[in-house]
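Student: Quick one: this structure, given as structure tokens, is what I'll be asking you about.
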Amino acid sequence: MAEVINDIKRSENLVYAKTKVLTDNVMHYCPGCSHGVVHKVLAEVIDEMGIQEVTLGVAPVGCAVLIYNYIDIDWQEAAHGRAPALATAMKRLRPDRYVFTYQGDGDLAAIGTAETIHACNRGENIVIIFINNGIYGMTGGQMAPTTLEGMKTATCPYGREPSHDGNPLKITELLAQLPGTAYVTRQSVHTAAAVRKTKKAIRKAFEKQKENKGTSVVEIVSTCNSGWKLTPVEANKWMEENMFPFYPLGDMKDE
Amino acid sequence: MAKMIGSIEVDTEKCKGCSLCVVACPTDVIALSDKVNGKGYNYAYMSNPEACTGCTNCALVCPDSCITVYRQKVEVV
Ligand code: SF4
Ligand code: SF4
């Protein structure tokens, strides 16, 4: 049996390998971080659509600030929260390119709220990939707009208390209300089935851009196991039990 | 009868030992090694290779794209 198993490792039997749109650089993310999975899925969509040469990404400030080292396309780096404004300019100047932003919850839903809402309200023909892990990962696990009620972070060590800290913001639901958005969905990457669905969602968002439909927002509820102080496997479980009830998965808008 | 058999190749130097592939495998093929790689991580390996069906679940969930999957149909008697 051992010989058979080794023998099948031949190119004609290959069913899954890393896409060439991902570089060979080792990602700086913590073990088990959702960012790596989302990067991979995004790179696979770009690969499968054959748009590597005509896709422009906007990198955020946050853990994914170095995304340009990992996905082999042309990038711009935005100031914190300004990715949708930069993407607006890029798409208007180069309507022949696919333009997307990749942003975390601190970037998109705190400092960049205005840029996000107005780009979506104008219906800019861009894709927004939104990673929501309910925390500021890069700066050490502080409370974010999306931090759940009762969730402990470095700046709300006894748990988020809405009377003092405000309520968690469902910004994706808000964006779905705006006339400029064409496709708004919330996905995750904690299981193989979820990864497949996220890939379909990202593909659909890029197809909408091709059809000039307006803004697409793909939120991915993600883990920050270091910030949450859990193992990667525990973090996925915690996300299912705590994040999904408040941030339910599924399409919010598809026009 | 025909049966799918699979096999995976782990890039052990890139693996960060996160265990996400271990729990994603429906047939319990993968475990973390007692040995560590250059970065000190216990890397993933096929501890139960006979059980692999080549379903690709492990490769899909791996954040560091460390896993390559092969699959072949074989006749079993
Ligand atoms: S390909 Fe499927 S069966 Fe084989 S190790 Fe990976 S998850 Fe397990
Ligand atoms: S999912 Fe990837 S990085 Fe994590 S243990 Fe498995 S092979 Fe290693």
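Letters A, B, ... mark the chains of the structure tokens in the order given; residue numbers begin at 1 per chain; ligand numbers begin at 1, in order shown.
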Would you kindly return, as a list in words, each protein, DNA or RNA residue with an atom no farther than 8 Å from any atom of Val217 (chain A), considering only C-alpha atoms and excluding same-chain residues fewer than 2 positions away?

Tutor: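 Here the qualifying residues turn out to be Val127, Ile128, Ile129, Phe130, Thr172, Thr181, Tyr183, Val184, Thr185, Ala205, Thr215 and Glu219 of chain A.
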
Student: May I have the residues from that selection written out with all heavy atoms, as an mmCIF file, in the first residue's frame?

Tutor:
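Result went into result.cif, see below:
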data_model
loop_
_atom_site.group_PDB
_atom_site.id
_atom_site.type_symbol
_atom_site.label_atom_id
_atom_site.label_comp_id
_atom_site.auth_asym_id
_atom_site.auth_seq_id
_atom_site.Cartn_x
_atom_site.Cartn_y
_atom_site.Cartn_z
ATOM 1 N N VAL A 127 -14.470 45.963 -5.896
ATOM 2 C CA VAL A 127 -14.761 44.877 -4.951
ATOM 3 C C VAL A 127 -14.084 45.206 -3.626
ATOM 4 O O VAL A 127 -12.918 45.614 -3.609
ATOM 5 C CB VAL A 127 -14.248 43.519 -5.488
ATOM 6 C CG1 VAL A 127 -14.398 42.429 -4.428
ATOM 7 C CG2 VAL A 127 -14.984 43.131 -6.763
ATOM 8 N N ILE A 128 -14.819 45.050 -2.545
ATOM 9 C CA ILE A 128 -14.253 45.257 -1.208
ATOM 10 C C ILE A 128 -14.230 43.912 -0.488
ATOM 11 O O ILE A 128 -15.279 43.295 -0.294
ATOM 12 C CB ILE A 128 -15.085 46.289 -0.408
ATOM 13 C CG1 ILE A 128 -15.006 47.667 -1.080
ATOM 14 C CG2 ILE A 128 -14.623 46.349 1.054
ATOM 15 C CD1 ILE A 128 -15.846 48.752 -0.421
ATOM 16 N N ILE A 129 -13.036 43.457 -0.134
ATOM 17 C CA ILE A 129 -12.902 42.228 0.661
ATOM 18 C C ILE A 129 -12.688 42.682 2.106
ATOM 19 O O ILE A 129 -11.736 43.420 2.398
ATOM 20 C CB ILE A 129 -11.683 41.380 0.210
ATOM 21 C CG1 ILE A 129 -11.683 41.146 -1.304
ATOM 22 C CG2 ILE A 129 -11.611 40.072 0.999
ATOM 23 C CD1 ILE A 129 -12.631 40.132 -1.809
ATOM 24 N N PHE A 130 -13.577 42.263 2.971
ATOM 25 C CA PHE A 130 -13.614 42.779 4.333
ATOM 26 C C PHE A 130 -13.399 41.635 5.326
ATOM 27 O O PHE A 130 -14.215 40.724 5.419
ATOM 28 C CB PHE A 130 -14.974 43.468 4.548
ATOM 29 C CG PHE A 130 -15.317 43.804 5.960
ATOM 30 C CD1 PHE A 130 -14.359 44.231 6.860
ATOM 31 C CD2 PHE A 130 -16.643 43.715 6.396
ATOM 32 C CE1 PHE A 130 -14.696 44.544 8.175
ATOM 33 C CE2 PHE A 130 -16.992 44.034 7.701
ATOM 34 C CZ PHE A 130 -16.013 44.439 8.592
ATOM 35 N N THR A 172 -21.699 45.688 7.404
ATOM 36 C CA THR A 172 -22.043 45.051 6.129
ATOM 37 C C THR A 172 -23.547 45.151 5.868
ATOM 38 O O THR A 172 -23.972 45.425 4.729
ATOM 39 C CB THR A 172 -21.543 43.598 6.118
ATOM 40 O OG1 THR A 172 -20.151 43.630 6.460
ATOM 41 C CG2 THR A 172 -21.677 42.951 4.757
ATOM 42 N N THR A 181 -24.562 49.472 -3.864
ATOM 43 C CA THR A 181 -23.987 48.129 -3.771
ATOM 44 C C THR A 181 -24.793 47.135 -4.612
ATOM 45 O O THR A 181 -26.014 47.177 -4.647
ATOM 46 C CB THR A 181 -23.940 47.632 -2.301
ATOM 47 O OG1 THR A 181 -25.211 47.842 -1.679
ATOM 48 C CG2 THR A 181 -22.876 48.361 -1.512
ATOM 49 N N TYR A 183 -23.673 43.574 -4.825
ATOM 50 C CA TYR A 183 -23.580 42.242 -4.225
ATOM 51 C C TYR A 183 -22.931 42.391 -2.854
ATOM 52 O O TYR A 183 -21.836 42.943 -2.737
ATOM 53 C CB TYR A 183 -22.735 41.341 -5.132
ATOM 54 C CG TYR A 183 -22.481 39.956 -4.595
ATOM 55 C CD1 TYR A 183 -23.524 39.154 -4.132
ATOM 56 C CD2 TYR A 183 -21.187 39.433 -4.558
ATOM 57 C CE1 TYR A 183 -23.285 37.878 -3.642
ATOM 58 C CE2 TYR A 183 -20.939 38.155 -4.081
ATOM 59 C CZ TYR A 183 -21.995 37.381 -3.620
ATOM 60 O OH TYR A 183 -21.746 36.111 -3.137
ATOM 61 N N VAL A 184 -23.650 41.956 -1.835
ATOM 62 C CA VAL A 184 -23.144 42.051 -0.465
ATOM 63 C C VAL A 184 -23.357 40.697 0.204
ATOM 64 O O VAL A 184 -24.480 40.178 0.224
ATOM 65 C CB VAL A 184 -23.870 43.161 0.334
ATOM 66 C CG1 VAL A 184 -23.305 43.250 1.748
ATOM 67 C CG2 VAL A 184 -23.745 44.516 -0.370
ATOM 68 N N THR A 185 -22.286 40.136 0.719
ATOM 69 C CA THR A 185 -22.393 38.800 1.297
ATOM 70 C C THR A 185 -21.463 38.658 2.486
ATOM 71 O O THR A 185 -20.485 39.411 2.614
ATOM 72 C CB THR A 185 -22.061 37.729 0.229
ATOM 73 O OG1 THR A 185 -22.334 36.429 0.748
ATOM 74 C CG2 THR A 185 -20.616 37.797 -0.214
ATOM 75 N N ALA A 205 -18.247 38.421 -7.038
ATOM 76 C CA ALA A 205 -17.979 39.854 -6.872
ATOM 77 C C ALA A 205 -17.172 40.398 -8.057
ATOM 78 O O ALA A 205 -17.475 41.468 -8.601
ATOM 79 C CB ALA A 205 -17.244 40.091 -5.555
ATOM 80 N N THR A 215 -20.699 48.399 -6.555
ATOM 81 C CA THR A 215 -19.788 47.909 -5.523
ATOM 82 C C THR A 215 -20.217 46.530 -5.013
ATOM 83 O O THR A 215 -21.395 46.299 -4.762
ATOM 84 C CB THR A 215 -19.780 48.881 -4.320
ATOM 85 O OG1 THR A 215 -19.718 50.227 -4.809
ATOM 86 C CG2 THR A 215 -18.602 48.615 -3.411
ATOM 87 N N GLU A 219 -17.718 40.201 2.980
ATOM 88 C CA GLU A 219 -17.182 40.126 4.346
ATOM 89 C C GLU A 219 -16.815 38.683 4.636
ATOM 90 O O GLU A 219 -17.561 37.765 4.279
ATOM 91 C CB GLU A 219 -18.229 40.602 5.365
ATOM 92 C CG GLU A 219 -17.799 40.349 6.802
ATOM 93 C CD GLU A 219 -18.816 40.783 7.860
ATOM 94 O OE1 GLU A 219 -19.710 41.594 7.557
ATOM 95 O OE2 GLU A 219 -18.697 40.293 8.998
#

Student: With a distance threshold of 9 Å and counting only C-alpha atoms, extract the residues of chain B near chain A and express them as a PyMOL selection string.

Tutor: chain B and resi 5-9+14-20+23-24+49-50+54-72

Student: Rank B:Cys25, B:Gly40, B:Ala31, B:Met46 by their smallest atom-to-atom distance to ligand 1, using only C-alpha atoms and all ligand atoms, and report the top residue only.

Tutor: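 Among the listed residues, B:Cys25 lies closest to ligand 1.
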
Student: Can you tell me, as a list in words, what residues are no more than 7 Å from Pro168 (chain A) when counting only C-alpha atoms, ignoring any on the same chain fewer than 2 positions away?

Tutor: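 Result of the neighbour search: Pro145, Thr146, Thr147, Leu148, Glu149, Gly166 and Lys170 of chain A.
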
Student: Within 12 Å of Pro245 (chain A), counting only C-alpha atoms, which residues qualify if same-chain residues fewer than 5 places away don't, as a PDB file with C-alpha atoms, in the first residue's frame?

Tutor:
ATOM      1  CA  LEU A 148     -18.924  41.593  20.263  1.00  0.00           C
ATOM      2  CA  VAL A 221     -15.867  36.486   9.415  1.00  0.00           C
ATOM      3  CA  TRP A 238     -15.355  30.198  19.295  1.00  0.00           C
ATOM      4  CA  MET A 239     -16.158  31.999  16.053  1.00  0.00           C
ATOM      5  CA  GLU A 240     -18.922  29.525  15.203  1.00  0.00           C
TER       6      GLU A 240
END

Student: Nearest to Gly140 (chain A) among A:Val45, A:Ile111, A:Ala89, A:Cys224, with distances taken over only C-alpha atoms: which residue is it?

Tutor: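 Closest residue, counting only C-alpha atoms: A:Cys224.
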
Student: Measuring between only C-alpha atoms and all ligand atoms, which one of B:Cys21, B:Met4, B:Val74, B:Val29 shows the shortest distance to ligand 2?

Tutor: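 Of all the options, B:Cys21 lies closest to ligand 2.
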
Student: Which of region 93-129 of chain A end up as helix (DSSP H, G or I) when DSSP is run on this backbone - answer as a short mmCIF file (atom, residue, chain, number, x, y, z; two decimals) with N, CA, C and O atoms, in the first residue's frame?

Tutor:
data_model
loop_
_atom_site.label_atom_id
_atom_site.label_comp_id
_atom_site.auth_asym_id
_atom_site.auth_seq_id
_atom_site.Cartn_x
_atom_site.Cartn_y
_atom_site.Cartn_z
N LEU A 93 -9.73 55.85 -13.29
CA LEU A 93 -8.65 56.12 -14.25
C LEU A 93 -8.41 54.94 -15.17
O LEU A 93 -8.03 55.11 -16.32
N ASP A 105 -11.42 45.02 9.89
CA ASP A 105 -12.55 45.73 10.49
C ASP A 105 -12.14 47.08 11.08
O ASP A 105 -12.90 48.03 11.05
N GLY A 106 -10.92 47.18 11.61
CA GLY A 106 -10.47 48.48 12.13
C GLY A 106 -10.32 49.47 10.99
O GLY A 106 -10.73 50.63 11.08
N ASP A 107 -9.77 48.99 9.89
CA ASP A 107 -9.52 49.83 8.71
C ASP A 107 -10.84 50.25 8.05
O ASP A 107 -11.08 51.44 7.82
N LEU A 108 -11.71 49.27 7.82
CA LEU A 108 -12.93 49.52 7.05
C LEU A 108 -14.05 50.13 7.89
O LEU A 108 -14.81 50.98 7.42
N ALA A 109 -14.16 49.69 9.17
CA ALA A 109 -15.34 50.06 9.94
C ALA A 109 -15.06 51.09 11.03
O ALA A 109 -15.97 51.49 11.75
N ALA A 110 -13.79 51.53 11.18
CA ALA A 110 -13.51 52.57 12.16
C ALA A 110 -12.95 53.78 11.42
O ALA A 110 -13.70 54.65 10.99
N ILE A 111 -11.64 53.79 11.20
CA ILE A 111 -11.04 54.99 10.60
C ILE A 111 -11.52 55.21 9.17
O ILE A 111 -11.59 56.35 8.70
N THR A 113 -14.60 54.43 7.89
CA THR A 113 -16.06 54.33 7.72
C THR A 113 -16.58 55.26 6.63
O THR A 113 -17.39 54.85 5.79
N ALA A 114 -16.12 56.50 6.64
CA ALA A 114 -16.63 57.47 5.67
C ALA A 114 -16.30 57.04 4.25
O ALA A 114 -17.16 57.02 3.37
N GLU A 115 -15.02 56.66 4.04
CA GLU A 115 -14.61 56.25 2.69
C GLU A 115 -15.41 55.03 2.23
O GLU A 115 -15.81 54.93 1.07
N THR A 116 -15.61 54.10 3.16
CA THR A 116 -16.33 52.87 2.82
C THR A 116 -17.76 53.19 2.42
O THR A 116 -18.24 52.78 1.35
N ILE A 117 -18.44 53.92 3.28
CA ILE A 117 -19.86 54.21 3.03
C ILE A 117 -20.04 55.03 1.75
O ILE A 117 -20.91 54.73 0.93
N HIS A 118 -19.20 56.03 1.56
CA HIS A 118 -19.41 56.88 0.38
C HIS A 118 -19.04 56.17 -0.92
O HIS A 118 -19.71 56.36 -1.93
N ALA A 119 -18.00 55.34 -0.89
CA ALA A 119 -17.67 54.59 -2.11
C ALA A 119 -18.83 53.66 -2.46
O ALA A 119 -19.24 53.56 -3.62
N CYS A 120 -19.40 53.00 -1.44
CA CYS A 120 -20.53 52.09 -1.68
C CYS A 120 -21.76 52.88 -2.11
O CYS A 120 -22.53 52.44 -2.97
N ASN A 121 -21.96 54.03 -1.53
CA ASN A 121 -23.14 54.83 -1.87
C ASN A 121 -23.04 55.40 -3.29
O ASN A 121 -24.05 55.55 -3.98
N ARG A 122 -21.81 55.68 -3.71
CA ARG A 122 -21.63 56.15 -5.09
C ARG A 122 -21.72 54.99 -6.07
O ARG A 122 -21.77 55.20 -7.28
#

Student: Could you please determine the separation between CA of Tyr70 (chain A) and CA of Thr55 (chain A) in Å, to one decimal place?

Tutor: 14.3 Å

Student: Going by DSSP on the backbone, which residues of region 90-179 of chain A come out as strand (DSSP E)? List them as number ranges by chain.

Tutor: A: 98-104, 127-132, 135-136, 142-143

Student: Could you tell me how far CA of Asp165 (chain A) lies from CA of Gly81 (chain A), in Å and to one decimal?

Tutor: 21.0 Å

Student: What is the distance between CA of Gly38 (chain B) and CA of Thr12 (chain B), in Å to one decimal?

Tutor: 9.1 Å
